[in-house]
file start.cif (mmCIF, C-alpha atoms)
data_upload
#
loop_
_atom_site.group_PDB
_atom_site.id
_atom_site.type_symbol
_atom_site.label_atom_id
_atom_site.label_comp_id
_atom_site.auth_asym_id
_atom_site.auth_seq_id
_atom_site.Cartn_x
_atom_site.Cartn_y
_atom_site.Cartn_z
ATOM 1 C CA MET A 177 69.417 96.405 86.965
ATOM 2 C CA PRO A 178 71.190 95.419 90.209
ATOM 3 C CA ASP A 179 74.888 96.204 90.606
ATOM 4 C CA ASN A 180 76.601 92.821 91.052
ATOM 5 C CA ARG A 181 80.152 94.151 91.429
ATOM 6 C CA ARG A 182 82.127 92.756 94.339
ATOM 7 C CA LYS A 183 84.572 95.669 94.460
ATOM 8 C CA PRO A 184 83.913 99.416 94.302
ATOM 9 C CA ARG A 185 84.801 101.126 91.051
ATOM 10 C CA LYS A 186 87.555 103.741 91.053
ATOM 11 C CA GLN A 187 87.462 106.781 88.780
ATOM 12 C CA PRO A 188 90.880 108.070 87.634
ATOM 13 C CA ASN A 189 91.843 111.638 88.503
ATOM 14 C CA HIS A 190 93.498 112.159 85.101
ATOM 15 C CA VAL A 191 92.947 111.042 81.502
ATOM 16 C CA ILE A 192 94.174 107.510 80.837
ATOM 17 C CA GLU A 193 94.077 106.219 77.275
ATOM 18 C CA ILE A 194 93.654 102.468 76.898
ATOM 19 C CA HIS A 195 95.490 100.823 73.999
ATOM 20 C CA ASP A 196 94.646 97.700 72.005
ATOM 21 C CA ILE A 197 97.965 95.812 72.164
ATOM 22 C CA LEU A 198 97.409 93.919 68.903
ATOM 23 C CA SER A 199 96.571 96.905 66.684
ATOM 24 C CA GLY A 200 98.428 99.575 68.652
ATOM 25 C CA SER A 201 95.362 101.831 68.435
ATOM 26 C CA ILE A 202 93.745 103.744 71.283
ATOM 27 C CA LEU A 203 90.493 101.975 72.158
ATOM 28 C CA GLY A 204 89.187 104.712 74.449
ATOM 29 C CA GLN A 205 89.633 106.499 77.752
ATOM 30 C CA LEU A 206 89.290 104.834 81.122
ATOM 31 C CA ALA A 207 86.089 105.852 82.914
ATOM 32 C CA ASN A 208 86.489 103.571 85.942
ATOM 33 C CA ILE A 209 88.202 100.352 86.978
ATOM 34 C CA THR A 210 88.462 97.570 89.553
ATOM 35 C CA SER A 211 90.774 94.581 89.527
ATOM 36 C CA GLU A 212 87.839 92.658 87.987
ATOM 37 C CA GLY A 213 86.612 95.010 85.257
ATOM 38 C CA LEU A 214 86.581 98.447 83.683
ATOM 39 C CA MET A 215 84.480 100.871 81.704
ATOM 40 C CA LEU A 216 85.785 102.841 78.733
ATOM 41 C CA ILE A 217 84.401 105.681 76.696
ATOM 42 C CA GLY A 218 85.475 105.571 73.087
ATOM 43 C CA PRO A 219 84.575 106.469 69.512
ATOM 44 C CA GLU A 220 83.273 103.045 68.440
ATOM 45 C CA PRO A 221 80.604 100.709 69.827
ATOM 46 C CA ILE A 222 82.182 97.419 70.924
ATOM 47 C CA PRO A 223 79.803 94.472 70.723
ATOM 48 C CA PRO A 224 79.430 92.159 73.743
ATOM 49 C CA GLY A 225 81.699 89.124 73.607
ATOM 50 C CA THR A 226 84.592 90.942 71.913
ATOM 51 C CA LEU A 227 88.013 89.979 73.280
ATOM 52 C CA TYR A 228 90.977 92.353 73.573
ATOM 53 C CA GLN A 229 94.496 92.469 74.963
ATOM 54 C CA LEU A 230 94.750 95.943 76.479
ATOM 55 C CA ARG A 231 97.538 98.135 77.801
ATOM 56 C CA MET A 232 97.085 100.922 80.329
ATOM 57 C CA PRO A 233 100.191 103.156 80.433
ATOM 58 C CA LEU A 234 100.998 104.595 83.868
ATOM 59 C CA LEU A 235 102.050 108.190 84.536
ATOM 60 C CA GLU A 236 104.605 106.929 87.032
ATOM 61 C CA PRO A 237 105.920 103.375 87.382
ATOM 62 C CA THR A 238 104.571 101.411 90.330
ATOM 63 C CA ASN A 239 106.612 98.479 91.641
ATOM 64 C CA GLY A 240 108.718 98.642 88.450
ATOM 65 C CA ILE A 241 105.657 98.453 86.162
ATOM 66 C CA SER A 242 105.219 101.272 83.609
ATOM 67 C CA ALA A 243 102.109 99.830 81.902
ATOM 68 C CA ILE A 244 99.437 97.356 82.955
ATOM 69 C CA ASP A 245 98.547 94.671 80.406
ATOM 70 C CA PHE A 246 95.399 92.561 80.677
ATOM 71 C CA GLY A 247 92.916 90.544 78.655
ATOM 72 C CA VAL A 248 89.267 91.561 78.634
ATOM 73 C CA GLU A 249 85.875 90.585 77.257
ATOM 74 C CA SER A 250 83.268 93.230 76.498
ATOM 75 C CA LEU A 251 80.003 92.684 78.354
ATOM 76 C CA TRP A 252 77.828 95.595 77.168
ATOM 77 C CA HIS A 253 77.888 98.932 75.342
ATOM 78 C CA GLN A 254 75.637 101.950 74.955
ATOM 79 C CA SER A 255 75.722 105.316 73.272
ATOM 80 C CA ALA A 256 76.958 108.215 75.408
ATOM 81 C CA GLY A 257 73.947 110.441 74.829
ATOM 82 C CA ASN A 258 73.929 112.830 71.885
ATOM 83 C CA SER A 259 77.637 112.453 71.180
ATOM 84 C CA ASP A 260 79.523 110.158 68.856
ATOM 85 C CA ARG A 261 81.043 108.381 71.873
ATOM 86 C CA HIS A 262 80.150 104.998 73.369
ATOM 87 C CA TRP A 263 80.410 103.464 76.834
ATOM 88 C CA THR A 264 81.673 99.865 77.019
ATOM 89 C CA GLY A 265 81.901 97.628 80.074
ATOM 90 C CA PHE A 266 84.592 94.941 80.193
ATOM 91 C CA GLN A 267 85.357 92.003 82.443
ATOM 92 C CA ILE A 268 89.062 91.383 83.039
ATOM 93 C CA ILE A 269 89.641 87.739 82.118
ATOM 94 C CA ASP A 270 93.455 87.534 82.091
ATOM 95 C CA ILE A 271 95.848 89.540 84.264
ATOM 96 C CA SER A 272 99.049 88.752 86.123
ATOM 97 C CA PRO A 273 99.071 89.043 89.916
ATOM 98 C CA GLU A 274 101.622 91.887 89.590
ATOM 99 C CA ASN A 275 99.406 93.860 87.214
ATOM 100 C CA SER A 276 96.339 93.250 89.382
ATOM 101 C CA ALA A 277 98.267 94.593 92.391
ATOM 102 C CA ALA A 278 99.374 97.584 90.284
ATOM 103 C CA ILE A 279 95.704 98.449 89.580
ATOM 104 C CA GLU A 280 95.016 98.385 93.322
ATOM 105 C CA ASN A 281 98.093 100.549 94.024
ATOM 106 C CA ILE A 282 97.489 103.258 91.422
ATOM 107 C CA SER A 283 93.773 103.545 92.157
ATOM 108 C CA GLN A 284 94.167 104.065 95.925
ATOM 109 C CA GLY A 285 93.898 107.851 95.625
ATOM 110 C CA TRP A 286 91.118 107.803 93.040
ATOM 111 C CA LYS A 287 87.484 108.611 93.728
ATOM 112 C CA GLU A 288 85.327 105.616 94.638
ATOM 113 C CA ILE A 289 82.052 105.489 92.719
#

call {"tool": "encode", "arguments": {"input": "start.cif", "output": "C-alpha coordinates"}}
result
Amino acid sequence: MPDNRRKPRKQPNHVIEIHDILSGSILGQLANITSEGLMLIGPEPIPPGTLYQLRMPLLEPTNGISAIDFGVESLWHQSAGNSDRHWTGFQIIDISPENSAAIENISQGWKEI
(Lines of atoms letter the chains of each structure in order from A and count residues from 1; the text may use other names and numbers.)
(Lines give C-alpha, C1' and ligand atoms only; values in the text may rest on other atoms or scores of the structure.)
Protein backbone atom coordinates (compact mmCIF):
# COMPACT_ATOMS: atom_id res chain seq x y z
CA MET A 1 0.00 0.00 0.00
CA PRO A 2 1.46 3.42 -0.91
CA ASP A 3 2.24 5.89 1.87
CA ASN A 4 0.03 8.93 1.16
CA ARG A 5 1.20 11.04 4.12
CA ARG A 6 2.13 14.62 3.32
CA LYS A 7 4.30 15.06 6.41
CA PRO A 8 6.94 12.75 7.89
CA ARG A 9 5.96 10.89 11.02
CA LYS A 10 7.83 11.63 14.25
CA GLN A 11 8.51 8.95 16.86
CA PRO A 12 8.61 10.18 20.48
CA ASN A 13 11.79 9.65 22.47
CA HIS A 14 9.83 8.81 25.64
CA VAL A 15 6.57 7.07 26.55
CA ILE A 16 3.51 9.25 26.00
CA GLU A 17 0.14 7.93 27.12
CA ILE A 18 -2.86 9.19 25.16
CA HIS A 19 -6.07 9.75 27.12
CA ASP A 20 -9.70 9.58 26.00
CA ILE A 21 -11.03 12.91 27.31
CA LEU A 22 -14.63 11.70 27.66
CA SER A 23 -13.94 8.55 29.69
CA GLY A 24 -10.68 9.64 31.30
CA SER A 25 -9.12 6.29 30.38
CA ILE A 26 -5.75 5.73 28.74
CA LEU A 27 -6.39 4.69 25.13
CA GLY A 28 -2.81 3.67 24.40
CA GLN A 29 0.75 4.88 23.90
CA LEU A 30 1.83 7.17 21.10
CA ALA A 31 3.85 5.35 18.44
CA ASN A 32 4.24 8.28 16.04
CA ILE A 33 2.56 11.55 15.12
CA THR A 34 2.28 14.38 12.60
CA SER A 35 0.03 17.42 12.75
CA GLU A 36 -2.37 15.42 10.53
CA GLY A 37 -2.49 12.02 12.24
CA LEU A 38 -1.05 9.57 14.73
CA MET A 39 -0.59 5.90 15.47
CA LEU A 40 -1.19 4.36 18.89
CA ILE A 41 -0.48 0.98 20.37
CA GLY A 42 -3.04 -0.09 22.92
CA PRO A 43 -4.80 -3.01 24.57
CA GLU A 44 -8.02 -2.90 22.51
CA PRO A 45 -8.73 -2.98 18.77
CA ILE A 46 -10.42 0.26 17.68
CA PRO A 47 -12.67 -0.16 14.66
CA PRO A 48 -12.30 2.23 11.70
CA GLY A 49 -14.65 5.20 11.86
CA THR A 50 -14.53 5.53 15.66
CA LEU A 51 -14.36 9.13 16.88
CA TYR A 52 -12.48 10.28 19.98
CA GLN A 53 -11.51 13.46 21.79
CA LEU A 54 -7.94 12.81 22.91
CA ARG A 55 -5.48 14.46 25.27
CA MET A 56 -1.71 14.15 25.04
CA PRO A 57 -0.06 15.37 28.27
CA LEU A 58 3.32 17.06 27.78
CA LEU A 59 6.38 16.48 29.96
CA GLU A 60 7.12 20.19 29.84
CA PRO A 61 4.73 22.98 28.83
CA THR A 62 5.33 24.47 25.39
CA ASN A 63 4.04 27.99 24.70
CA GLY A 64 1.95 27.75 27.89
CA ILE A 65 0.31 24.46 26.83
CA SER A 66 0.64 21.49 29.23
CA ALA A 67 -1.53 19.06 27.21
CA ILE A 68 -2.57 18.87 23.57
CA ASP A 69 -6.26 18.16 22.93
CA PHE A 70 -7.56 17.04 19.54
CA GLY A 71 -10.37 15.16 17.84
CA VAL A 72 -9.58 12.08 15.79
CA GLU A 73 -11.17 9.40 13.64
CA SER A 74 -9.70 5.90 13.51
CA LEU A 75 -8.78 4.80 10.00
CA TRP A 76 -7.42 1.27 10.52
CA HIS A 77 -6.22 -1.21 13.15
CA GLN A 78 -4.24 -4.43 13.27
CA SER A 79 -2.93 -6.82 15.86
CA ALA A 80 0.63 -6.19 17.07
CA GLY A 81 1.92 -9.68 16.35
CA ASN A 82 1.66 -12.35 19.04
CA SER A 83 0.84 -9.89 21.81
CA ASP A 84 -2.46 -8.69 23.19
CA ARG A 85 -1.73 -5.20 21.83
CA HIS A 86 -3.17 -3.47 18.76
CA TRP A 87 -1.94 -0.76 16.40
CA THR A 88 -4.47 1.93 15.41
CA GLY A 89 -4.02 4.73 12.89
CA PHE A 90 -5.96 7.97 13.39
CA GLN A 91 -6.59 11.07 11.31
CA ILE A 92 -6.70 14.31 13.30
CA ILE A 93 -10.00 15.95 12.37
CA ASP A 94 -10.24 18.75 14.96
CA ILE A 95 -7.33 20.65 16.51
CA SER A 96 -6.70 24.27 17.41
CA PRO A 97 -3.90 26.13 15.63
CA GLU A 98 -2.09 26.45 18.99
CA ASN A 99 -2.23 22.70 19.63
CA SER A 100 -1.14 21.93 16.07
CA ALA A 101 1.86 24.25 16.54
CA ALA A 102 2.59 22.54 19.88
CA ILE A 103 2.81 19.15 18.10
CA GLU A 104 5.32 20.64 15.66
CA ASN A 105 7.33 22.18 18.53
CA ILE A 106 7.55 19.13 20.78
CA SER A 107 8.33 16.73 17.94
CA GLN A 108 11.27 18.73 16.54
CA GLY A 109 13.84 16.61 18.38
CA TRP A 110 12.09 13.30 17.74
CA LYS A 111 13.22 10.69 15.24
CA GLU A 112 11.68 11.03 11.78
CA ILE A 113 10.34 7.75 10.40

call {"tool": "residues_around", "arguments": {"input": "start.cif", "residues": "Ile244 (chain A)", "least_positions_apart": "4", "cutoff": "12 Å", "atoms": "all atoms listed in the file", "output": "count of residues only"}}
result
33

call {"tool": "closest_residue", "arguments": {"input": "start.cif", "among": "A:Trp252, A:Gly247, A:Thr226, A:Arg182", "to": "Thr210 (chain A)", "atoms": "only C-alpha atoms"}}
result
A:Arg182

call {"tool": "atom_distance", "arguments": {"input": "start.cif", "atom1": "CA of Ser259 (chain A)", "atom2": "CA of Pro184 (chain A)"}}
result
27.3 Å

call {"tool": "residues_around", "arguments": {"input": "start.cif", "residues": "region 213-221 of chain A", "least_positions_apart": "4", "cutoff": "7 Å", "atoms": "only C-alpha atoms", "output": "VMD selection string"}}
result
chain A and resid 203 to 209 253 260 to 268

call {"tool": "write_last_selection", "arguments": {"input": "start.cif", "atoms": "C-alpha atoms", "output": "short mmCIF file (atom, residue, chain, number, x, y, z; two decimals), in the frame of the given file"}}
result
data_model
loop_
_atom_site.label_atom_id
_atom_site.label_comp_id
_atom_site.auth_asym_id
_atom_site.auth_seq_id
_atom_site.Cartn_x
_atom_site.Cartn_y
_atom_site.Cartn_z
CA LEU A 203 90.49 101.98 72.16
CA GLY A 204 89.19 104.71 74.45
CA GLN A 205 89.63 106.50 77.75
CA LEU A 206 89.29 104.83 81.12
CA ALA A 207 86.09 105.85 82.91
CA ASN A 208 86.49 103.57 85.94
CA ILE A 209 88.20 100.35 86.98
CA HIS A 253 77.89 98.93 75.34
CA ASP A 260 79.52 110.16 68.86
CA ARG A 261 81.04 108.38 71.87
CA HIS A 262 80.15 105.00 73.37
CA TRP A 263 80.41 103.46 76.83
CA THR A 264 81.67 99.86 77.02
CA GLY A 265 81.90 97.63 80.07
CA PHE A 266 84.59 94.94 80.19
CA GLN A 267 85.36 92.00 82.44
CA ILE A 268 89.06 91.38 83.04
#

call {"tool": "atom_distance", "arguments": {"input": "start.cif", "atom1": "CA of Lys183 (chain A)", "atom2": "CA of Val248 (chain A)"}}
result
17.0 Å

call {"tool": "atom_distance", "arguments": {"input": "start.cif", "atom1": "CA of Arg185 (chain A)", "atom2": "CA of Trp286 (chain A)"}}
result
9.4 Å

call {"tool": "closest_residue", "arguments": {"input": "start.cif", "among": "A:Glu212, A:Lys186, A:Gly257, A:Ile222", "to": "Glu288 (chain A)", "atoms": "only C-alpha atoms"}}
result
A:Lys186

call {"tool": "decode", "arguments": {"input": "start.cif", "residues": "region 195-238 of chain A", "atoms": "N, CA and C atoms", "output": "PDB file, in the first residue's frame"}}
result
ATOM      1  N   HIS A 195      -4.860   9.910  26.316  1.00  0.00           N
ATOM      2  CA  HIS A 195      -6.070   9.754  27.118  1.00  0.00           C
ATOM      3  C   HIS A 195      -7.320  10.069  26.301  1.00  0.00           C
ATOM      4  N   ASP A 196      -8.368   9.288  26.527  1.00  0.00           N
ATOM      5  CA  ASP A 196      -9.698   9.576  26.004  1.00  0.00           C
ATOM      6  C   ASP A 196     -10.299  10.621  26.951  1.00  0.00           C
ATOM      7  N   ILE A 197     -10.538  11.824  26.459  1.00  0.00           N
ATOM      8  CA  ILE A 197     -11.030  12.910  27.314  1.00  0.00           C
ATOM      9  C   ILE A 197     -12.383  12.561  27.929  1.00  0.00           C
ATOM     10  N   LEU A 198     -13.270  11.948  27.169  1.00  0.00           N
ATOM     11  CA  LEU A 198     -14.627  11.700  27.661  1.00  0.00           C
ATOM     12  C   LEU A 198     -14.672  10.661  28.779  1.00  0.00           C
ATOM     13  N   SER A 199     -13.913   9.585  28.659  1.00  0.00           N
ATOM     14  CA  SER A 199     -13.941   8.545  29.691  1.00  0.00           C
ATOM     15  C   SER A 199     -12.849   8.727  30.740  1.00  0.00           C
ATOM     16  N   GLY A 200     -11.811   9.484  30.396  1.00  0.00           N
ATOM     17  CA  GLY A 200     -10.679   9.644  31.305  1.00  0.00           C
ATOM     18  C   GLY A 200      -9.699   8.484  31.260  1.00  0.00           C
ATOM     19  N   SER A 201      -9.989   7.466  30.449  1.00  0.00           N
ATOM     20  CA  SER A 201      -9.122   6.288  30.383  1.00  0.00           C
ATOM     21  C   SER A 201      -7.934   6.522  29.453  1.00  0.00           C
ATOM     22  N   ILE A 202      -6.909   5.702  29.624  1.00  0.00           N
ATOM     23  CA  ILE A 202      -5.752   5.725  28.736  1.00  0.00           C
ATOM     24  C   ILE A 202      -6.079   4.841  27.542  1.00  0.00           C
ATOM     25  N   LEU A 203      -6.050   5.423  26.352  1.00  0.00           N
ATOM     26  CA  LEU A 203      -6.392   4.691  25.131  1.00  0.00           C
ATOM     27  C   LEU A 203      -5.210   3.868  24.631  1.00  0.00           C
ATOM     28  N   GLY A 204      -3.999   4.376  24.848  1.00  0.00           N
ATOM     29  CA  GLY A 204      -2.805   3.673  24.396  1.00  0.00           C
ATOM     30  C   GLY A 204      -1.597   4.576  24.497  1.00  0.00           C
ATOM     31  N   GLN A 205      -0.496   4.113  23.917  1.00  0.00           N
ATOM     32  CA  GLN A 205       0.745   4.877  23.898  1.00  0.00           C
ATOM     33  C   GLN A 205       1.012   5.358  22.479  1.00  0.00           C
ATOM     34  N   LEU A 206       1.520   6.575  22.392  1.00  0.00           N
ATOM     35  CA  LEU A 206       1.830   7.170  21.103  1.00  0.00           C
ATOM     36  C   LEU A 206       2.991   6.431  20.448  1.00  0.00           C
ATOM     37  N   ALA A 207       2.781   5.985  19.213  1.00  0.00           N
ATOM     38  CA  ALA A 207       3.853   5.346  18.444  1.00  0.00           C
ATOM     39  C   ALA A 207       4.532   6.361  17.535  1.00  0.00           C
ATOM     40  N   ASN A 208       3.712   7.194  16.868  1.00  0.00           N
ATOM     41  CA  ASN A 208       4.241   8.280  16.041  1.00  0.00           C
ATOM     42  C   ASN A 208       3.129   9.281  15.774  1.00  0.00           C
ATOM     43  N   ILE A 209       3.539  10.474  15.297  1.00  0.00           N
ATOM     44  CA  ILE A 209       2.562  11.550  15.116  1.00  0.00           C
ATOM     45  C   ILE A 209       3.036  12.539  14.058  1.00  0.00           C
ATOM     46  N   THR A 210       2.075  13.183  13.405  1.00  0.00           N
ATOM     47  CA  THR A 210       2.276  14.382  12.599  1.00  0.00           C
ATOM     48  C   THR A 210       1.159  15.332  13.017  1.00  0.00           C
ATOM     49  N   SER A 211       1.134  16.510  12.447  1.00  0.00           N
ATOM     50  CA  SER A 211       0.031  17.418  12.753  1.00  0.00           C
ATOM     51  C   SER A 211      -1.266  16.974  12.069  1.00  0.00           C
ATOM     52  N   GLU A 212      -1.199  15.926  11.253  1.00  0.00           N
ATOM     53  CA  GLU A 212      -2.373  15.423  10.534  1.00  0.00           C
ATOM     54  C   GLU A 212      -2.892  14.088  11.052  1.00  0.00           C
ATOM     55  N   GLY A 213      -2.059  13.333  11.779  1.00  0.00           N
ATOM     56  CA  GLY A 213      -2.491  12.021  12.239  1.00  0.00           C
ATOM     57  C   GLY A 213      -1.519  11.415  13.226  1.00  0.00           C
ATOM     58  N   LEU A 214      -1.895  10.255  13.762  1.00  0.00           N
ATOM     59  CA  LEU A 214      -1.049   9.569  14.727  1.00  0.00           C
ATOM     60  C   LEU A 214      -1.342   8.082  14.712  1.00  0.00           C
ATOM     61  N   MET A 215      -0.403   7.328  15.289  1.00  0.00           N
ATOM     62  CA  MET A 215      -0.587   5.902  15.470  1.00  0.00           C
ATOM     63  C   MET A 215      -0.369   5.596  16.944  1.00  0.00           C
ATOM     64  N   LEU A 216      -1.281   4.796  17.497  1.00  0.00           N
ATOM     65  CA  LEU A 216      -1.194   4.359  18.885  1.00  0.00           C
ATOM     66  C   LEU A 216      -1.012   2.858  18.940  1.00  0.00           C
ATOM     67  N   ILE A 217      -0.442   2.394  20.045  1.00  0.00           N
ATOM     68  CA  ILE A 217      -0.480   0.979  20.367  1.00  0.00           C
ATOM     69  C   ILE A 217      -1.207   0.867  21.700  1.00  0.00           C
ATOM     70  N   GLY A 218      -2.219   0.022  21.721  1.00  0.00           N
ATOM     71  CA  GLY A 218      -3.039  -0.086  22.918  1.00  0.00           C
ATOM     72  C   GLY A 218      -3.585  -1.489  23.120  1.00  0.00           C
ATOM     73  N   PRO A 219      -4.317  -1.681  24.213  1.00  0.00           N
ATOM     74  CA  PRO A 219      -4.802  -3.013  24.567  1.00  0.00           C
ATOM     75  C   PRO A 219      -6.030  -3.473  23.796  1.00  0.00           C
ATOM     76  N   GLU A 220      -6.758  -2.552  23.175  1.00  0.00           N
ATOM     77  CA  GLU A 220      -8.015  -2.896  22.508  1.00  0.00           C
ATOM     78  C   GLU A 220      -7.978  -2.543  21.026  1.00  0.00           C
ATOM     79  N   PRO A 221      -8.579  -3.381  20.169  1.00  0.00           N
ATOM     80  CA  PRO A 221      -8.730  -2.982  18.769  1.00  0.00           C
ATOM     81  C   PRO A 221      -9.764  -1.859  18.680  1.00  0.00           C
ATOM     82  N   ILE A 222      -9.497  -0.865  17.858  1.00  0.00           N
ATOM     83  CA  ILE A 222     -10.418   0.258  17.682  1.00  0.00           C
ATOM     84  C   ILE A 222     -10.892   0.230  16.236  1.00  0.00           C
ATOM     85  N   PRO A 223     -12.167  -0.041  16.023  1.00  0.00           N
ATOM     86  CA  PRO A 223     -12.668  -0.163  14.659  1.00  0.00           C
ATOM     87  C   PRO A 223     -12.549   1.141  13.870  1.00  0.00           C
ATOM     88  N   PRO A 224     -12.318   1.037  12.548  1.00  0.00           N
ATOM     89  CA  PRO A 224     -12.297   2.231  11.702  1.00  0.00           C
ATOM     90  C   PRO A 224     -13.605   3.008  11.826  1.00  0.00           C
ATOM     91  N   GLY A 225     -13.484   4.329  11.773  1.00  0.00           N
ATOM     92  CA  GLY A 225     -14.649   5.200  11.860  1.00  0.00           C
ATOM     93  C   GLY A 225     -14.999   5.635  13.275  1.00  0.00           C
ATOM     94  N   THR A 226     -14.262   5.138  14.274  1.00  0.00           N
ATOM     95  CA  THR A 226     -14.526   5.527  15.658  1.00  0.00           C
ATOM     96  C   THR A 226     -13.964   6.923  15.920  1.00  0.00           C
ATOM     97  N   LEU A 227     -14.760   7.760  16.570  1.00  0.00           N
ATOM     98  CA  LEU A 227     -14.359   9.130  16.876  1.00  0.00           C
ATOM     99  C   LEU A 227     -13.975   9.253  18.351  1.00  0.00           C
ATOM    100  N   TYR A 228     -12.932  10.034  18.610  1.00  0.00           N
ATOM    101  CA  TYR A 228     -12.476  10.284  19.980  1.00  0.00           C
ATOM    102  C   TYR A 228     -12.058  11.736  20.134  1.00  0.00           C
ATOM    103  N   GLN A 229     -12.153  12.224  21.366  1.00  0.00           N
ATOM    104  CA  GLN A 229     -11.506  13.463  21.790  1.00  0.00           C
ATOM    105  C   GLN A 229     -10.342  13.002  22.655  1.00  0.00           C
ATOM    106  N   LEU A 230      -9.124  13.311  22.234  1.00  0.00           N
ATOM    107  CA  LEU A 230      -7.936  12.807  22.911  1.00  0.00           C
ATOM    108  C   LEU A 230      -7.154  13.926  23.579  1.00  0.00           C
ATOM    109  N   ARG A 231      -6.389  13.529  24.587  1.00  0.00           N
ATOM    110  CA  ARG A 231      -5.482  14.458  25.273  1.00  0.00           C
ATOM    111  C   ARG A 231      -4.106  13.803  25.352  1.00  0.00           C
ATOM    112  N   MET A 232      -3.101  14.581  24.954  1.00  0.00           N
ATOM    113  CA  MET A 232      -1.711  14.147  25.038  1.00  0.00           C
ATOM    114  C   MET A 232      -1.001  15.056  26.046  1.00  0.00           C
ATOM    115  N   PRO A 233      -0.780  14.559  27.276  1.00  0.00           N
ATOM    116  CA  PRO A 233      -0.061  15.369  28.267  1.00  0.00           C
ATOM    117  C   PRO A 233       1.393  15.578  27.831  1.00  0.00           C
ATOM    118  N   LEU A 234       1.940  16.748  28.136  1.00  0.00           N
ATOM    119  CA  LEU A 234       3.318  17.062  27.783  1.00  0.00           C
ATOM    120  C   LEU A 234       4.206  16.990  29.017  1.00  0.00           C
ATOM    121  N   LEU A 235       5.435  16.512  28.847  1.00  0.00           N
ATOM    122  CA  LEU A 235       6.385  16.476  29.958  1.00  0.00           C
ATOM    123  C   LEU A 235       6.696  17.876  30.464  1.00  0.00           C
ATOM    124  N   GLU A 236       6.849  18.795  29.513  1.00  0.00           N
ATOM    125  CA  GLU A 236       7.118  20.191  29.844  1.00  0.00           C
ATOM    126  C   GLU A 236       6.191  21.056  29.003  1.00  0.00           C
ATOM    127  N   PRO A 237       5.610  22.088  29.613  1.00  0.00           N
ATOM    128  CA  PRO A 237       4.732  22.976  28.826  1.00  0.00           C
ATOM    129  C   PRO A 237       5.489  23.605  27.651  1.00  0.00           C
ATOM    130  N   THR A 238       4.781  23.778  26.548  1.00  0.00           N
ATOM    131  CA  THR A 238       5.329  24.473  25.395  1.00  0.00           C
ATOM    132  C   THR A 238       4.366  25.596  25.035  1.00  0.00           C
TER     133      THR A 238
END
